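Trainee: PDB, C-alpha atoms, file entry.pdb:
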ATOM      1  CA  MET A  18       0.000   0.000   0.000  1.00  0.00           C
ATOM      2  CA  THR A  19       1.070   3.589  -0.637  1.00  0.00           C
ATOM      3  CA  ASP A  20       0.700   6.416   1.888  1.00  0.00           C
ATOM      4  CA  SER A  21      -2.635   7.308   0.279  1.00  0.00           C
ATOM      5  CA  GLY A  22      -4.036   3.872   1.081  1.00  0.00           C
ATOM      6  CA  LEU A  23      -4.033   2.857  -2.577  1.00  0.00           C
ATOM      7  CA  PRO A  24      -2.298  -0.331  -3.696  1.00  0.00           C
ATOM      8  CA  THR A  25       1.258   0.010  -5.008  1.00  0.00           C
ATOM      9  CA  ARG A  26       1.336   1.148  -8.628  1.00  0.00           C
ATOM     10  CA  LEU A  27       2.066  -1.708 -11.037  1.00  0.00           C
ATOM     11  CA  GLY A  28       2.569  -4.150  -8.207  1.00  0.00           C
ATOM     12  CA  SER A  29       1.537  -7.257 -10.171  1.00  0.00           C
ATOM     13  CA  PRO A  30       3.478  -7.214 -13.481  1.00  0.00           C
ATOM     14  CA  THR A  31       7.048  -8.513 -13.487  1.00  0.00           C
ATOM     15  CA  PHE A  32       7.835  -6.343 -16.503  1.00  0.00           C
ATOM     16  CA  HIS A  33       6.405  -2.980 -17.507  1.00  0.00           C
ATOM     17  CA  GLY A  34       5.221  -4.303 -20.847  1.00  0.00           C
ATOM     18  CA  PRO A  35       3.858  -7.393 -22.645  1.00  0.00           C
ATOM     19  CA  LEU A  36       6.845  -9.651 -22.042  1.00  0.00           C
ATOM     20  CA  SER A  37       6.699 -13.287 -20.947  1.00  0.00           C
ATOM     21  CA  GLU A  38       9.195 -15.025 -18.721  1.00  0.00           C
ATOM     22  CA  ALA A  39      10.223 -17.325 -21.566  1.00  0.00           C
ATOM     23  CA  ARG A  40      10.861 -14.470 -23.985  1.00  0.00           C
ATOM     24  CA  ALA A  41      12.725 -12.433 -21.360  1.00  0.00           C
ATOM     25  CA  THR A  42      14.992 -15.410 -20.652  1.00  0.00           C
ATOM     26  CA  ARG A  43      15.869 -15.737 -24.345  1.00  0.00           C
ATOM     27  CA  MET A  44      16.487 -11.997 -24.726  1.00  0.00           C
ATOM     28  CA  VAL A  45      18.773 -11.902 -21.701  1.00  0.00           C
ATOM     29  CA  ALA A  46      20.731 -14.889 -23.039  1.00  0.00           C
ATOM     30  CA  ARG A  47      21.309 -13.162 -26.384  1.00  0.00           C
ATOM     31  CA  VAL A  48      22.615 -10.049 -24.635  1.00  0.00           C
ATOM     32  CA  ALA A  49      24.750 -12.091 -22.250  1.00  0.00           C
ATOM     33  CA  ASP A  50      26.334 -13.979 -25.168  1.00  0.00           C
ATOM     34  CA  ALA A  51      27.997 -10.703 -26.193  1.00  0.00           C
ATOM     35  CA  ALA A  52      29.610 -10.462 -22.699  1.00  0.00           C
ATOM     36  CA  PRO A  53      28.879  -6.763 -22.094  1.00  0.00           C
ATOM     37  CA  ALA A  54      30.910  -4.981 -19.429  1.00  0.00           C
ATOM     38  CA  THR A  55      28.543  -2.004 -19.244  1.00  0.00           C
ATOM     39  CA  VAL A  56      24.763  -1.965 -19.630  1.00  0.00           C
ATOM     40  CA  LEU A  57      22.462   1.051 -19.914  1.00  0.00           C
ATOM     41  CA  ASP A  58      18.693   0.696 -19.395  1.00  0.00           C
ATOM     42  CA  ILE A  59      16.770   3.676 -20.798  1.00  0.00           C
ATOM     43  CA  GLY A  60      13.356   4.213 -19.227  1.00  0.00           C
ATOM     44  CA  CYS A  61      14.227   1.338 -16.929  1.00  0.00           C
ATOM     45  CA  GLY A  62      11.261   1.476 -14.564  1.00  0.00           C
ATOM     46  CA  TRP A  63      12.252  -0.929 -11.807  1.00  0.00           C
ATOM     47  CA  GLY A  64      14.894  -2.489 -14.062  1.00  0.00           C
ATOM     48  CA  GLU A  65      13.871  -6.146 -13.973  1.00  0.00           C
ATOM     49  CA  LEU A  66      15.494  -6.980 -17.314  1.00  0.00           C
ATOM     50  CA  LEU A  67      18.617  -4.989 -16.411  1.00  0.00           C
ATOM     51  CA  LEU A  68      19.000  -6.950 -13.181  1.00  0.00           C
ATOM     52  CA  ARG A  69      18.634 -10.226 -15.061  1.00  0.00           C
ATOM     53  CA  VAL A  70      21.370  -9.248 -17.512  1.00  0.00           C
ATOM     54  CA  LEU A  71      23.673  -8.422 -14.587  1.00  0.00           C
ATOM     55  CA  GLU A  72      22.884 -11.787 -13.007  1.00  0.00           C
ATOM     56  CA  ALA A  73      23.748 -13.504 -16.294  1.00  0.00           C
ATOM     57  CA  VAL A  74      26.999 -11.541 -16.716  1.00  0.00           C
ATOM     58  CA  PRO A  75      28.653 -11.411 -13.257  1.00  0.00           C
ATOM     59  CA  SER A  76      31.399  -9.025 -14.429  1.00  0.00           C
ATOM     60  CA  ALA A  77      28.979  -6.413 -15.831  1.00  0.00           C
ATOM     61  CA  THR A  78      27.802  -3.175 -14.255  1.00  0.00           C
ATOM     62  CA  GLY A  79      24.644  -1.309 -15.142  1.00  0.00           C
ATOM     63  CA  VAL A  80      22.854   2.024 -14.992  1.00  0.00           C
ATOM     64  CA  GLY A  81      19.095   2.450 -15.179  1.00  0.00           C
ATOM     65  CA  LEU A  82      17.617   5.826 -16.133  1.00  0.00           C
ATOM     66  CA  ASP A  83      14.035   6.839 -15.447  1.00  0.00           C
ATOM     67  CA  ILE A  84      12.064   9.859 -14.250  1.00  0.00           C
ATOM     68  CA  SER A  85       9.785   7.845 -11.945  1.00  0.00           C
ATOM     69  CA  ALA A  86      11.196   7.991  -8.422  1.00  0.00           C
ATOM     70  CA  GLU A  87       8.713   5.326  -7.316  1.00  0.00           C
ATOM     71  CA  ASP A  88       9.856   2.821  -9.944  1.00  0.00           C
ATOM     72  CA  LEU A  89      13.532   3.550  -9.279  1.00  0.00           C
ATOM     73  CA  ALA A  90      13.061   2.986  -5.546  1.00  0.00           C
ATOM     74  CA  ARG A  91      11.495  -0.390  -6.304  1.00  0.00           C
ATOM     75  CA  GLY A  92      14.476  -1.211  -8.521  1.00  0.00           C
ATOM     76  CA  ARG A  93      16.935  -0.413  -5.741  1.00  0.00           C
ATOM     77  CA  VAL A  94      15.070  -2.730  -3.365  1.00  0.00           C
ATOM     78  CA  LEU A  95      15.118  -5.535  -5.947  1.00  0.00           C
ATOM     79  CA  ALA A  96      18.852  -4.998  -6.543  1.00  0.00           C
ATOM     80  CA  GLU A  97      19.551  -5.163  -2.811  1.00  0.00           C
ATOM     81  CA  GLU A  98      17.500  -8.342  -2.407  1.00  0.00           C
ATOM     82  CA  ARG A  99      19.413 -10.029  -5.230  1.00  0.00           C
ATOM     83  CA  GLY A 100      22.885  -8.937  -4.140  1.00  0.00           C
ATOM     84  CA  LEU A 101      23.340  -6.575  -7.085  1.00  0.00           C
ATOM     85  CA  ALA A 102      23.285  -3.197  -5.342  1.00  0.00           C
ATOM     86  CA  GLU A 103      27.031  -2.649  -5.780  1.00  0.00           C
ATOM     87  CA  ARG A 104      26.858  -3.281  -9.526  1.00  0.00           C
ATOM     88  CA  VAL A 105      23.873  -1.159 -10.541  1.00  0.00           C
ATOM     89  CA  ALA A 106      22.786   2.459 -10.178  1.00  0.00           C
ATOM     90  CA  PHE A 107      19.197   3.611 -10.594  1.00  0.00           C
ATOM     91  CA  VAL A 108      19.301   7.287 -11.566  1.00  0.00           C
ATOM     92  CA  GLU A 109      16.401   9.735 -11.705  1.00  0.00           C
ATOM     93  CA  GLU A 110      17.180  11.731 -14.834  1.00  0.00           C
ATOM     94  CA  SER A 111      16.075  12.239 -18.398  1.00  0.00           C
ATOM     95  CA  ALA A 112      17.721  10.159 -21.115  1.00  0.00           C
ATOM     96  CA  LEU A 113      17.382  12.952 -23.669  1.00  0.00           C
ATOM     97  CA  GLY A 114      20.894  13.837 -24.829  1.00  0.00           C
ATOM     98  CA  THR A 115      22.431  11.615 -22.160  1.00  0.00           C
ATOM     99  CA  THR A 116      26.207  11.415 -21.902  1.00  0.00           C
ATOM    100  CA  ARG A 117      26.131   7.991 -20.220  1.00  0.00           C
ATOM    101  CA  GLY A 118      27.463   6.245 -23.311  1.00  0.00           C
ATOM    102  CA  PRO A 119      28.990   4.633 -25.117  1.00  0.00           C
ATOM    103  CA  VAL A 120      28.208   1.300 -23.471  1.00  0.00           C
ATOM    104  CA  ASP A 121      28.327  -2.330 -24.522  1.00  0.00           C
ATOM    105  CA  ALA A 122      24.606  -3.047 -24.255  1.00  0.00           C
ATOM    106  CA  ILE A 123      21.459  -0.943 -24.162  1.00  0.00           C
ATOM    107  CA  LEU A 124      17.972  -1.934 -23.079  1.00  0.00           C
ATOM    108  CA  CYS A 125      15.146   0.353 -24.192  1.00  0.00           C
ATOM    109  CA  LEU A 126      11.807  -1.369 -23.783  1.00  0.00           C
ATOM    110  CA  GLY A 127       8.756   0.736 -24.515  1.00  0.00           C
ATOM    111  CA  SER A 128      10.757   3.863 -23.712  1.00  0.00           C
ATOM    112  CA  SER A 129      12.104   5.247 -26.985  1.00  0.00           C
ATOM    113  CA  GLN A 130      10.113   8.421 -26.352  1.00  0.00           C
ATOM    114  CA  ALA A 131      12.680   9.181 -23.623  1.00  0.00           C
ATOM    115  CA  LEU A 132      15.226   9.772 -26.403  1.00  0.00           C
ATOM    116  CA  CYS A 133      13.030  12.198 -28.359  1.00  0.00           C
ATOM    117  CA  ASP A 134      12.218  15.883 -28.017  1.00  0.00           C
ATOM    118  CA  PRO A 135       9.096  15.966 -25.806  1.00  0.00           C
ATOM    119  CA  GLU A 136       7.872  19.068 -27.646  1.00  0.00           C
ATOM    120  CA  GLN A 137       7.754  17.170 -30.948  1.00  0.00           C
ATOM    121  CA  PRO A 138       5.838  14.093 -32.147  1.00  0.00           C
ATOM    122  CA  HIS A 139       7.437  10.763 -31.328  1.00  0.00           C
ATOM    123  CA  ASP A 140      10.268  10.152 -33.789  1.00  0.00           C
ATOM    124  CA  PRO A 141      11.544   6.537 -34.013  1.00  0.00           C
ATOM    125  CA  ALA A 142      14.356   7.665 -36.339  1.00  0.00           C
ATOM    126  CA  ALA A 143      15.651  10.125 -33.745  1.00  0.00           C
ATOM    127  CA  ALA A 144      15.474   7.430 -31.055  1.00  0.00           C
ATOM    128  CA  LEU A 145      17.379   4.944 -33.214  1.00  0.00           C
ATOM    129  CA  ARG A 146      20.070   7.523 -33.989  1.00  0.00           C
ATOM    130  CA  GLU A 147      20.515   8.104 -30.265  1.00  0.00           C
ATOM    131  CA  LEU A 148      20.754   4.382 -29.588  1.00  0.00           C
ATOM    132  CA  ARG A 149      23.371   4.081 -32.333  1.00  0.00           C
ATOM    133  CA  ARG A 150      25.337   6.938 -30.733  1.00  0.00           C
ATOM    134  CA  LEU A 151      25.225   5.348 -27.300  1.00  0.00           C
ATOM    135  CA  VAL A 152      26.267   1.772 -28.141  1.00  0.00           C
ATOM    136  CA  ARG A 153      29.842   0.680 -28.782  1.00  0.00           C
ATOM    137  CA  PRO A 154      30.879  -1.219 -31.936  1.00  0.00           C
ATOM    138  CA  GLY A 155      30.048  -4.897 -31.523  1.00  0.00           C
ATOM    139  CA  GLY A 156      27.543  -4.129 -28.777  1.00  0.00           C
ATOM    140  CA  ARG A 157      23.873  -4.989 -28.504  1.00  0.00           C
ATOM    141  CA  VAL A 158      20.672  -2.973 -28.309  1.00  0.00           C
ATOM    142  CA  VAL A 159      17.367  -4.510 -27.258  1.00  0.00           C
ATOM    143  CA  LEU A 160      14.627  -2.169 -28.436  1.00  0.00           C
ATOM    144  CA  GLY A 161      11.025  -2.796 -27.424  1.00  0.00           C
ATOM    145  CA  GLU A 162       8.874  -0.648 -29.708  1.00  0.00           C
ATOM    146  CA  GLY A 163       5.204  -0.399 -30.522  1.00  0.00           C
ATOM    147  CA  PHE A 164       4.058  -0.872 -34.116  1.00  0.00           C
ATOM    148  CA  TRP A 165       0.751  -0.970 -35.963  1.00  0.00           C
ATOM    149  CA  GLU A 166      -0.413  -4.450 -36.917  1.00  0.00           C
ATOM    150  CA  ARG A 167      -2.415  -2.555 -39.536  1.00  0.00           C
ATOM    151  CA  THR A 168      -3.157   1.117 -39.998  1.00  0.00           C
ATOM    152  CA  PRO A 169      -6.050   1.999 -37.648  1.00  0.00           C
ATOM    153  CA  THR A 170      -9.147   3.824 -38.803  1.00  0.00           C
ATOM    154  CA  ALA A 171     -10.225   7.188 -37.420  1.00  0.00           C
ATOM    155  CA  GLY A 172     -12.902   5.443 -35.358  1.00  0.00           C
ATOM    156  CA  GLU A 173     -10.401   3.004 -33.888  1.00  0.00           C
ATOM    157  CA  LEU A 174      -7.995   5.812 -33.040  1.00  0.00           C
ATOM    158  CA  ALA A 175     -10.797   7.604 -31.199  1.00  0.00           C
ATOM    159  CA  GLY A 176     -11.049   4.659 -28.804  1.00  0.00           C
ATOM    160  CA  MET A 177      -7.355   4.751 -27.887  1.00  0.00           C
ATOM    161  CA  TRP A 178      -5.366   7.231 -25.783  1.00  0.00           C
ATOM    162  CA  PRO A 179      -6.104  10.965 -26.086  1.00  0.00           C
ATOM    163  CA  GLY A 180      -4.682  12.412 -29.289  1.00  0.00           C
ATOM    164  CA  ALA A 181      -3.845   9.023 -30.829  1.00  0.00           C
ATOM    165  CA  HIS A 182      -3.008   9.227 -34.538  1.00  0.00           C
ATOM    166  CA  THR A 183      -1.521   6.968 -37.189  1.00  0.00           C
ATOM    167  CA  GLY A 184       1.865   8.690 -36.947  1.00  0.00           C
ATOM    168  CA  ASP A 185       2.339   7.460 -33.372  1.00  0.00           C
ATOM    169  CA  HIS A 186       3.797   4.197 -34.693  1.00  0.00           C
ATOM    170  CA  LEU A 187       5.156   2.566 -37.850  1.00  0.00           C
ATOM    171  CA  ARG A 188       4.361  -0.802 -39.390  1.00  0.00           C
ATOM    172  CA  LEU A 189       6.855  -3.490 -38.355  1.00  0.00           C
ATOM    173  CA  GLY A 190       8.603  -3.702 -41.719  1.00  0.00           C
ATOM    174  CA  ALA A 191       9.086   0.048 -41.874  1.00  0.00           C
ATOM    175  CA  LEU A 192      10.476   0.078 -38.331  1.00  0.00           C
ATOM    176  CA  VAL A 193      13.050  -2.636 -39.099  1.00  0.00           C
ATOM    177  CA  ASP A 194      14.019  -0.885 -42.345  1.00  0.00           C
ATOM    178  CA  LEU A 195      14.541   2.297 -40.358  1.00  0.00           C
ATOM    179  CA  ALA A 196      16.812   0.491 -37.885  1.00  0.00           C
ATOM    180  CA  ILE A 197      18.932  -0.754 -40.798  1.00  0.00           C
ATOM    181  CA  GLU A 198      19.098   2.736 -42.318  1.00  0.00           C
ATOM    182  CA  THR A 199      20.281   4.058 -38.942  1.00  0.00           C
ATOM    183  CA  GLY A 200      23.260   1.700 -38.795  1.00  0.00           C
ATOM    184  CA  PHE A 201      22.001  -1.531 -37.230  1.00  0.00           C
ATOM    185  CA  ARG A 202      21.533  -5.098 -38.322  1.00  0.00           C
ATOM    186  CA  PRO A 203      18.494  -6.874 -36.816  1.00  0.00           C
ATOM    187  CA  ALA A 204      19.962  -9.970 -35.180  1.00  0.00           C
ATOM    188  CA  TRP A 205      16.552 -11.009 -33.849  1.00  0.00           C
ATOM    189  CA  ILE A 206      12.996  -9.859 -34.553  1.00  0.00           C
ATOM    190  CA  GLU A 207      10.141 -11.024 -32.349  1.00  0.00           C
ATOM    191  CA  THR A 208       6.719  -9.761 -31.359  1.00  0.00           C
ATOM    192  CA  ALA A 209       4.570 -10.073 -28.253  1.00  0.00           C
ATOM    193  CA  GLY A 210       1.681 -12.508 -28.526  1.00  0.00           C
ATOM    194  CA  ARG A 211      -1.892 -12.043 -27.339  1.00  0.00           C
ATOM    195  CA  GLU A 212      -1.251 -13.964 -24.100  1.00  0.00           C
ATOM    196  CA  GLU A 213       1.622 -11.610 -23.241  1.00  0.00           C
ATOM    197  CA  TRP A 214      -0.572  -8.589 -23.907  1.00  0.00           C
ATOM    198  CA  GLU A 215      -3.425  -9.955 -21.799  1.00  0.00           C
ATOM    199  CA  GLU A 216      -1.082 -10.860 -18.945  1.00  0.00           C
ATOM    200  CA  PHE A 217       0.322  -7.336 -18.936  1.00  0.00           C
ATOM    201  CA  GLU A 218      -2.936  -5.450 -19.427  1.00  0.00           C
ATOM    202  CA  SER A 219      -4.790  -7.397 -16.745  1.00  0.00           C
ATOM    203  CA  GLY A 220      -1.799  -7.289 -14.408  1.00  0.00           C
ATOM    204  CA  TYR A 221      -1.570  -3.527 -14.933  1.00  0.00           C
ATOM    205  CA  ARG A 222      -4.991  -3.070 -13.359  1.00  0.00           C
ATOM    206  CA  HIS A 223      -5.278  -6.143 -11.139  1.00  0.00           C
ATOM    207  CA  ASP A 224      -4.270  -4.644  -7.791  1.00  0.00           C
ATOM    208  CA  MET A 225      -6.464  -1.592  -8.341  1.00  0.00           C
ATOM    209  CA  GLU A 226      -9.491  -3.720  -9.240  1.00  0.00           C
ATOM    210  CA  VAL A 227      -9.052  -5.853  -6.120  1.00  0.00           C
ATOM    211  CA  TRP A 228      -8.689  -2.703  -4.010  1.00  0.00           C
ATOM    212  CA  LEU A 229     -11.799  -1.085  -5.564  1.00  0.00           C
ATOM    213  CA  ALA A 230     -13.865  -4.190  -4.808  1.00  0.00           C
ATOM    214  CA  ALA A 231     -12.682  -4.139  -1.193  1.00  0.00           C
ATOM    215  CA  TYR A 232     -12.966  -0.357  -0.585  1.00  0.00           C
ATOM    216  CA  PRO A 233     -15.775   1.000  -2.791  1.00  0.00           C
ATOM    217  CA  GLY A 234     -16.435   3.872  -0.394  1.00  0.00           C
ATOM    218  CA  HIS A 235     -12.839   5.074  -0.070  1.00  0.00           C
ATOM    219  CA  PRO A 236     -12.421   8.840  -0.773  1.00  0.00           C
ATOM    220  CA  LEU A 237     -10.180   8.019  -3.732  1.00  0.00           C
ATOM    221  CA  ALA A 238     -12.347   5.200  -5.103  1.00  0.00           C
ATOM    222  CA  ALA A 239     -14.335   7.212  -7.668  1.00  0.00           C
ATOM    223  CA  GLU A 240     -11.241   8.860  -9.120  1.00  0.00           C
ATOM    224  CA  THR A 241      -9.372   5.562  -9.213  1.00  0.00           C
ATOM    225  CA  ARG A 242     -12.330   3.730 -10.786  1.00  0.00           C
ATOM    226  CA  ASP A 243     -12.594   6.333 -13.556  1.00  0.00           C
ATOM    227  CA  ARG A 244      -8.882   6.094 -14.342  1.00  0.00           C
ATOM    228  CA  VAL A 245      -8.890   2.286 -14.402  1.00  0.00           C
ATOM    229  CA  ASP A 246     -12.019   2.215 -16.566  1.00  0.00           C
ATOM    230  CA  ARG A 247     -10.431   4.608 -19.083  1.00  0.00           C
ATOM    231  CA  GLN A 248      -7.293   2.494 -19.250  1.00  0.00           C
ATOM    232  CA  ARG A 249      -9.232  -0.725 -19.761  1.00  0.00           C
ATOM    233  CA  SER A 250     -11.474   0.826 -22.408  1.00  0.00           C
ATOM    234  CA  SER A 251      -8.479   2.220 -24.280  1.00  0.00           C
ATOM    235  CA  TRP A 252      -7.182  -1.327 -24.600  1.00  0.00           C
ATOM    236  CA  LEU A 253     -10.378  -3.293 -25.253  1.00  0.00           C
ATOM    237  CA  ASN A 254     -12.131  -0.695 -27.403  1.00  0.00           C
ATOM    238  CA  GLY A 255      -9.021   0.825 -28.926  1.00  0.00           C
ATOM    239  CA  TYR A 256      -5.607  -0.701 -29.519  1.00  0.00           C
ATOM    240  CA  ARG A 257      -6.247  -4.400 -28.817  1.00  0.00           C
ATOM    241  CA  ASP A 258      -5.174  -6.379 -31.915  1.00  0.00           C
ATOM    242  CA  LEU A 259      -4.039  -3.118 -33.549  1.00  0.00           C
ATOM    243  CA  LEU A 260      -0.991  -2.122 -31.526  1.00  0.00           C
ATOM    244  CA  GLY A 261       1.804  -4.657 -31.512  1.00  0.00           C
ATOM    245  CA  MET A 262       5.036  -4.752 -29.556  1.00  0.00           C
ATOM    246  CA  THR A 263       8.254  -5.883 -31.182  1.00  0.00           C
ATOM    247  CA  TYR A 264      11.510  -6.699 -29.447  1.00  0.00           C
ATOM    248  CA  LEU A 265      14.446  -6.079 -31.763  1.00  0.00           C
ATOM    249  CA  THR A 266      17.933  -7.273 -30.867  1.00  0.00           C
ATOM    250  CA  LEU A 267      20.136  -4.911 -32.877  1.00  0.00           C
ATOM    251  CA  ILE A 268      23.873  -4.976 -33.646  1.00  0.00           C
ATOM    252  CA  PRO A 269      25.562  -1.728 -34.693  1.00  0.00           C
ATOM    253  CA  VAL A 270      27.479  -1.772 -37.971  1.00  0.00           C
ATOM    254  CA  GLY A 271      29.579   0.687 -39.929  1.00  0.00           C
TER
END
Can you present the structure in this file as structure tokens?

Mentor:
Amino acid sequence: MTDSGLPTRLGSPTFHGPLSEARATRMVARVADAAPATVLDIGCGWGELLLRVLEAVPSATGVGLDISAEDLARGRVLAEERGLAERVAFVEESALGTTRGPVDAILCLGSSQALCDPEQPHDPAAALRELRRLVRPGGRVVLGEGFWERTPTAGELAGMWPGAHTGDHLRLGALVDLAIETGFRPAWIETAGREEWEEFESGYRHDMEVWLAAYPGHPLAAETRDRVDRQRSSWLNGYRDLLGMTYLTLIPVG
């Protein structure tokens, strides 16, 4: 519970995105095979994948960047519990223009917006150029990025998040082509399945739904119920089966 009496934000999901245990294990193994000495996690949240890479590569050190103090605090607790506190730093700062590179491996899962000008529309090309700048030759980048399974209609966009438009994401082929144009080779291309999406989306709201059922008269219940209902509707009536998530393991070239 938080000080407000609400359940801890995102207490149920292991990862802050549609990512299964099996897929995470394979992704970590591919990064570990490159034996990185330094790992940077951009928009790390609580850094679960970062911590797993450090466990798989005992000589590596890591830095996680995020602007959520709550998530970073959770990451520090997890690092302490797993004996990794001396090898990882969770830092509350923006990744835009960061000087924390070059490094041997970068994780950027669902956080490429952290590398883009917040005053401009999301620009995957700008994010990929930043990732290329920050990774050393022979390194690895794991990029988790949304893509359109097909171009949504105006009516479908209206059911998504406020201001949603077709330019928010690319199709998968266009995204991979862009990564190649930016100086990467796609060593692995994979996409989240429906079960991974449902596990994440339901887990995202699970603790809040249980709390609302137990405390319907709480002073914060109405506000919380409205927020949870909007989130659920955005998924079920908006981007479900339209928004995909790809995990690209990229190797810099040139």

Trainee: In Å, with one decimal, what is the gap from atom CA of Val105 of chain A to atom CA of Val70 of chain A?

Mentor: 11.0 Å

Trainee: Separation of atom CA of Trp63 of chain A and atom CA of Arg93 of chain A, in Å?

Mentor: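 Computed distance, atom CA of Trp63 of chain A to atom CA of Arg93 of chain A, equals 7.7 Å.
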
Trainee: Which of these, A:Gly271, A:Arg150, A:Val245, A:Leu113, has the shortest distance to His223 of chain A once you count only C-alpha atoms?

Mentor: A:Val245

Trainee: Might you spell out which residues the PyMOL selection byres ((chain A and resi 190-194) around 9) would select in the displayed file, as a VMD selection string?

Mentor: chain A and resid 141 to 142 162 164 186 to 189 195 to 199 202 to 203 206 265

Trainee: Check what the PyMOL selection byres ((chain A and resi 128) around 9) selects in the file above and give those residues as a list in words.

Mentor: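 Evaluating the PyMOL selection byres ((chain A and resi 128) around 9) on these coordinates yields Ile59, Gly60, Cys61, Cys125, Leu126, Gly127, Ser129, Gln130, Ala131, Leu132, Leu160, Gly161 and Glu162 of chain A.
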
Trainee: I need the residues from that last selection saved to file as a PDB file, keeping the file's coordinate frame (with C-alpha atoms), if you can.

Mentor:
ATOM      1  CA  ILE A  59      16.770   3.676 -20.798  1.00  0.00           C
ATOM      2  CA  GLY A  60      13.356   4.213 -19.227  1.00  0.00           C
ATOM      3  CA  CYS A  61      14.227   1.338 -16.929  1.00  0.00           C
ATOM      4  CA  CYS A 125      15.146   0.353 -24.192  1.00  0.00           C
ATOM      5  CA  LEU A 126      11.807  -1.369 -23.783  1.00  0.00           C
ATOM      6  CA  GLY A 127       8.756   0.736 -24.515  1.00  0.00           C
ATOM      7  CA  SER A 129      12.104   5.247 -26.985  1.00  0.00           C
ATOM      8  CA  GLN A 130      10.113   8.421 -26.352  1.00  0.00           C
ATOM      9  CA  ALA A 131      12.680   9.181 -23.623  1.00  0.00           C
ATOM     10  CA  LEU A 132      15.226   9.772 -26.403  1.00  0.00           C
ATOM     11  CA  LEU A 160      14.627  -2.169 -28.436  1.00  0.00           C
ATOM     12  CA  GLY A 161      11.025  -2.796 -27.424  1.00  0.00           C
ATOM     13  CA  GLU A 162       8.874  -0.648 -29.708  1.00  0.00           C
TER      14      GLU A 162
END

Trainee: Return as a list in words the set of residues that the PyMOL selection byres ((chain A and resi 122) around 9) yields on the displayed structure.

Mentor: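 When the PyMOL selection byres ((chain A and resi 122) around 9) is applied to the shown file, the picked residues are Val48, Ala51, Pro53, Ala54, Thr55, Val56, Leu57, Asp58, Pro119, Val120, Asp121, Ile123, Leu124, Leu151, Val152, Arg153, Gly156, Arg157, Val158 and Val159 of chain A.
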
Trainee: Okay, now the selection with C-alpha atoms, as a PDB file, in the coordinates of the input?

Mentor:
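Output (selection_1.pdb):
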ATOM      1  CA  VAL A  48      22.615 -10.049 -24.635  1.00  0.00           C
ATOM      2  CA  ALA A  51      27.997 -10.703 -26.193  1.00  0.00           C
ATOM      3  CA  PRO A  53      28.879  -6.763 -22.094  1.00  0.00           C
ATOM      4  CA  ALA A  54      30.910  -4.981 -19.429  1.00  0.00           C
ATOM      5  CA  THR A  55      28.543  -2.004 -19.244  1.00  0.00           C
ATOM      6  CA  VAL A  56      24.763  -1.965 -19.630  1.00  0.00           C
ATOM      7  CA  LEU A  57      22.462   1.051 -19.914  1.00  0.00           C
ATOM      8  CA  ASP A  58      18.693   0.696 -19.395  1.00  0.00           C
ATOM      9  CA  PRO A 119      28.990   4.633 -25.117  1.00  0.00           C
ATOM     10  CA  VAL A 120      28.208   1.300 -23.471  1.00  0.00           C
ATOM     11  CA  ASP A 121      28.327  -2.330 -24.522  1.00  0.00           C
ATOM     12  CA  ILE A 123      21.459  -0.943 -24.162  1.00  0.00           C
ATOM     13  CA  LEU A 124      17.972  -1.934 -23.079  1.00  0.00           C
ATOM     14  CA  LEU A 151      25.225   5.348 -27.300  1.00  0.00           C
ATOM     15  CA  VAL A 152      26.267   1.772 -28.141  1.00  0.00           C
ATOM     16  CA  ARG A 153      29.842   0.680 -28.782  1.00  0.00           C
ATOM     17  CA  GLY A 156      27.543  -4.129 -28.777  1.00  0.00           C
ATOM     18  CA  ARG A 157      23.873  -4.989 -28.504  1.00  0.00           C
ATOM     19  CA  VAL A 158      20.672  -2.973 -28.309  1.00  0.00           C
ATOM     20  CA  VAL A 159      17.367  -4.510 -27.258  1.00  0.00           C
TER      21      VAL A 159
END

Trainee: Report the distance between atom CA of Phe217 of chain A and atom CA of Asp185 of chain A in Å, rounded to one decimal place.

Mentor: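 Computing it gives 20.8 Å between the two atoms.
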
Trainee: From the set A:Ala204, A:Leu260, A:Val227, A:Ala106, which residue has the shortest atom-to-atom contact distance to Met44 of chain A, counting all atoms listed in the file?

Mentor: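 Residue with the minimum atom-to-atom distance to Met44 of chain A: A:Ala204.
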
Trainee: For Leu36 of chain A, find every residue with an atom within 8 Å (counting all atoms listed in the file), except residues of its own chain fewer than 2 positions away, and show them as a ChimeraX atom specification.

Mentor: /A:32,34,38,40-41,209,213-214,217

Trainee: Asp88 of chain A: which residues within 12 Å, counting only C-alpha atoms, same-chain residues fewer than 5 positions away excluded, as a VMD selection string?

Mentor: chain A and resid 25 to 28 32 to 33 60 to 65 81 to 83 93 to 95 107 to 109

Trainee: Name the closest residue to Arg211 of chain A among the candidates A:Ala46, A:Arg69, A:Pro35, A:Val80; distances are taken between atoms, counting all atoms listed in the file.

Mentor: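 For Arg211 of chain A, the nearest of the candidates is A:Pro35.
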
Trainee: Using all atoms listed in the file, which residue out of A:Glu207, A:Ile268, A:Tyr256, A:Glu212 lies closest to Arg167 of chain A?

Mentor: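 Comparing A:Glu207, A:Ile268, A:Tyr256, A:Glu212 against Arg167 of chain A, the winner is A:Tyr256.
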
Trainee: Find, counting all atoms listed in the file, the residue in A:Trp252, A:Phe201, A:Ala52, A:Pro135 that gets nearest to Ser219 of chain A.

Mentor: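 Between A:Trp252, A:Phe201, A:Ala52, A:Pro135, the residue approaching Ser219 of chain A most closely is A:Trp252.
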
Trainee: Rank nothing, just name the residue among A:Pro75, A:Gly234, A:Pro30, A:Arg249 nearest to Gly100 of chain A, using all atoms listed in the file.

Mentor: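 Closest to Gly100 of chain A of all the choices is A:Pro75.
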